[in-house]
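**Student:** What follows is a single structure, and I will ask about it in a moment.
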Amino acid sequence: MDDAVELADMIAQLRDELSRAMADGEGSGLRFKAERVELELTVGVEKSREPGVKVRFWVFDASAAAKRTSAVTQRLTLTLQPVLADAPDGMALISGDELLGED
(Lines give C-alpha, C1' and ligand atoms only; values in the text may rest on other atoms or scores of the structure.)
Protein backbone atom coordinates (compact mmCIF):
# COMPACT_ATOMS: atom_id res chain seq x y z
CA MET A 1 0.00 0.00 0.00
CA ASP A 2 2.42 2.61 -1.27
CA ASP A 3 -0.17 5.39 -1.29
CA ALA A 4 -1.20 4.92 2.36
CA VAL A 5 0.24 5.45 5.83
CA GLU A 6 -0.44 3.42 8.95
CA LEU A 7 -2.91 5.01 11.36
CA ALA A 8 -0.37 4.98 14.22
CA ASP A 9 2.19 6.82 12.05
CA MET A 10 -0.40 9.41 11.03
CA ILE A 11 -1.32 10.08 14.67
CA ALA A 12 2.38 10.32 15.60
CA GLN A 13 2.87 12.92 12.85
CA LEU A 14 -0.18 14.85 14.09
CA ARG A 15 1.30 14.81 17.61
CA ASP A 16 4.59 16.17 16.24
CA GLU A 17 2.82 18.93 14.28
CA LEU A 18 0.74 20.02 17.29
CA SER A 19 3.87 20.06 19.49
CA ARG A 20 5.65 22.20 16.90
CA ALA A 21 2.70 24.59 16.74
CA MET A 22 2.76 24.94 20.53
CA ALA A 23 6.51 25.68 20.51
CA ASP A 24 6.15 28.14 17.61
CA GLY A 25 3.43 29.99 19.55
CA GLU A 26 5.61 30.67 22.59
CA GLY A 27 5.47 34.38 23.39
CA SER A 28 2.61 35.02 20.97
CA GLY A 29 -0.22 37.32 22.05
CA LEU A 30 -2.81 35.15 20.30
CA ARG A 31 -3.35 31.59 21.45
CA PHE A 32 -5.75 28.74 20.73
CA LYS A 33 -7.08 26.16 23.17
CA ALA A 34 -6.74 22.66 21.77
CA GLU A 35 -9.94 21.27 23.28
CA ARG A 36 -10.53 18.54 20.70
CA VAL A 37 -8.96 17.36 17.50
CA GLU A 38 -11.44 15.81 15.09
CA LEU A 39 -10.19 13.77 12.16
CA GLU A 40 -12.22 12.23 9.38
CA LEU A 41 -10.21 9.58 7.59
CA THR A 42 -10.58 7.07 4.82
CA VAL A 43 -9.04 3.85 6.10
CA GLY A 44 -8.39 0.39 4.76
CA VAL A 45 -8.06 -2.61 7.05
CA GLU A 46 -5.46 -5.30 6.45
CA LYS A 47 -5.36 -8.54 8.42
CA SER A 48 -2.17 -10.57 8.22
CA ARG A 49 -2.35 -14.32 7.77
CA GLU A 50 0.87 -14.90 9.65
CA PRO A 51 1.06 -16.42 13.15
CA GLY A 52 -0.08 -13.92 15.78
CA VAL A 53 -2.75 -12.35 13.56
CA LYS A 54 -2.28 -8.61 13.29
CA VAL A 55 -4.75 -6.05 12.03
CA ARG A 56 -3.41 -2.80 10.54
CA PHE A 57 -5.31 0.33 9.64
CA TRP A 58 -4.06 2.28 6.62
CA VAL A 59 -5.02 5.91 6.05
CA PHE A 60 -5.56 7.04 2.44
CA ASP A 61 -5.86 10.51 1.02
CA ALA A 62 -9.13 11.12 -0.81
CA SER A 63 -7.71 10.76 -4.33
CA ALA A 64 -5.83 7.54 -3.51
CA ALA A 65 -8.93 6.04 -1.87
CA ALA A 66 -10.97 6.77 -5.01
CA LYS A 67 -8.39 4.91 -7.15
CA ARG A 68 -8.25 1.80 -4.96
CA THR A 69 -10.62 -0.72 -6.45
CA SER A 70 -9.12 -3.81 -4.80
CA ALA A 71 -9.23 -2.54 -1.20
CA VAL A 72 -12.28 -2.11 0.97
CA THR A 73 -12.20 1.31 2.59
CA GLN A 74 -14.27 2.82 5.38
CA ARG A 75 -14.75 6.35 6.69
CA LEU A 76 -13.53 6.73 10.27
CA THR A 77 -13.95 9.75 12.54
CA LEU A 78 -11.62 10.12 15.52
CA THR A 79 -12.02 12.73 18.25
CA LEU A 80 -8.82 13.20 20.24
CA GLN A 81 -8.42 15.17 23.48
CA PRO A 82 -4.96 16.76 23.58
CA VAL A 83 -3.32 16.68 27.03
CA LEU A 84 0.15 17.54 28.24
CA ALA A 85 2.19 14.69 29.74
CA ASP A 86 3.23 16.78 32.75
CA ALA A 87 -0.26 18.30 33.33
CA PRO A 88 -2.91 15.86 32.07
CA ASP A 89 -5.76 17.79 33.73
CA GLY A 90 -4.68 21.11 32.21
CA MET A 91 -5.66 22.60 28.87
CA ALA A 92 -3.23 22.17 25.97
CA LEU A 93 -2.53 25.62 24.54
CA ILE A 94 -1.10 26.38 21.15
CA SER A 95 1.03 29.27 22.42
CA GLY A 96 2.85 30.67 25.45
CA ASP A 97 1.90 32.20 28.81
CA GLU A 98 -1.66 32.83 29.95
CA LEU A 99 -3.03 36.29 29.19
CA LEU A 100 -4.85 38.39 31.78
CA GLY A 101 -8.52 37.45 31.94
CA GLU A 102 -8.05 34.01 30.37
CA ASP A 103 -9.44 30.99 32.22
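Here's how to read the names in the C-alpha coordinates: chain A, B, ... by the order shown, residue numbers from 1 in each chain, ligand numbers from 1 in the order shown.
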Would you mind listing what lies within 7 Å of region 73-90 of chain A as a PyMOL selection string, with only C-alpha atoms counted and same-chain residues fewer than 2 positions away left out?
**Tutor:** chain A and resi 34-44+71+92
**Student:** Please provide the set of residues having any atom within 9 Å of region 2-17 of chain A, restricted to only C-alpha atoms, with same-chain residues fewer than 3 positions apart removed, written as a count of residues only.
**Tutor:** 14
**Student:** Separation of CA of Val45 (chain A) and CA of Leu18 (chain A), in Å?
**Tutor:**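 Computing the Euclidean distance for CA of Val45 (chain A) and CA of Leu18 (chain A) yields 26.4 Å.
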**Student:** Could you work out how far CA of Gly25 (chain A) lies from CA of Met91 (chain A), giving the answer in Å with one decimal?
**Tutor:**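 Atom-to-atom, CA of Met91 (chain A) and CA of Gly25 (chain A) are spaced 15.0 Å apart.
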**Student:** What residues in region 13-87 of chain A get the DSSP label alpha helix (DSSP H)? Please answer as JSON, numbers by chain.
**Tutor:** {"A": [13, 14, 15, 16, 17, 18, 19, 20, 21, 22, 23, 24, 62, 63, 64, 65, 66, 67]}
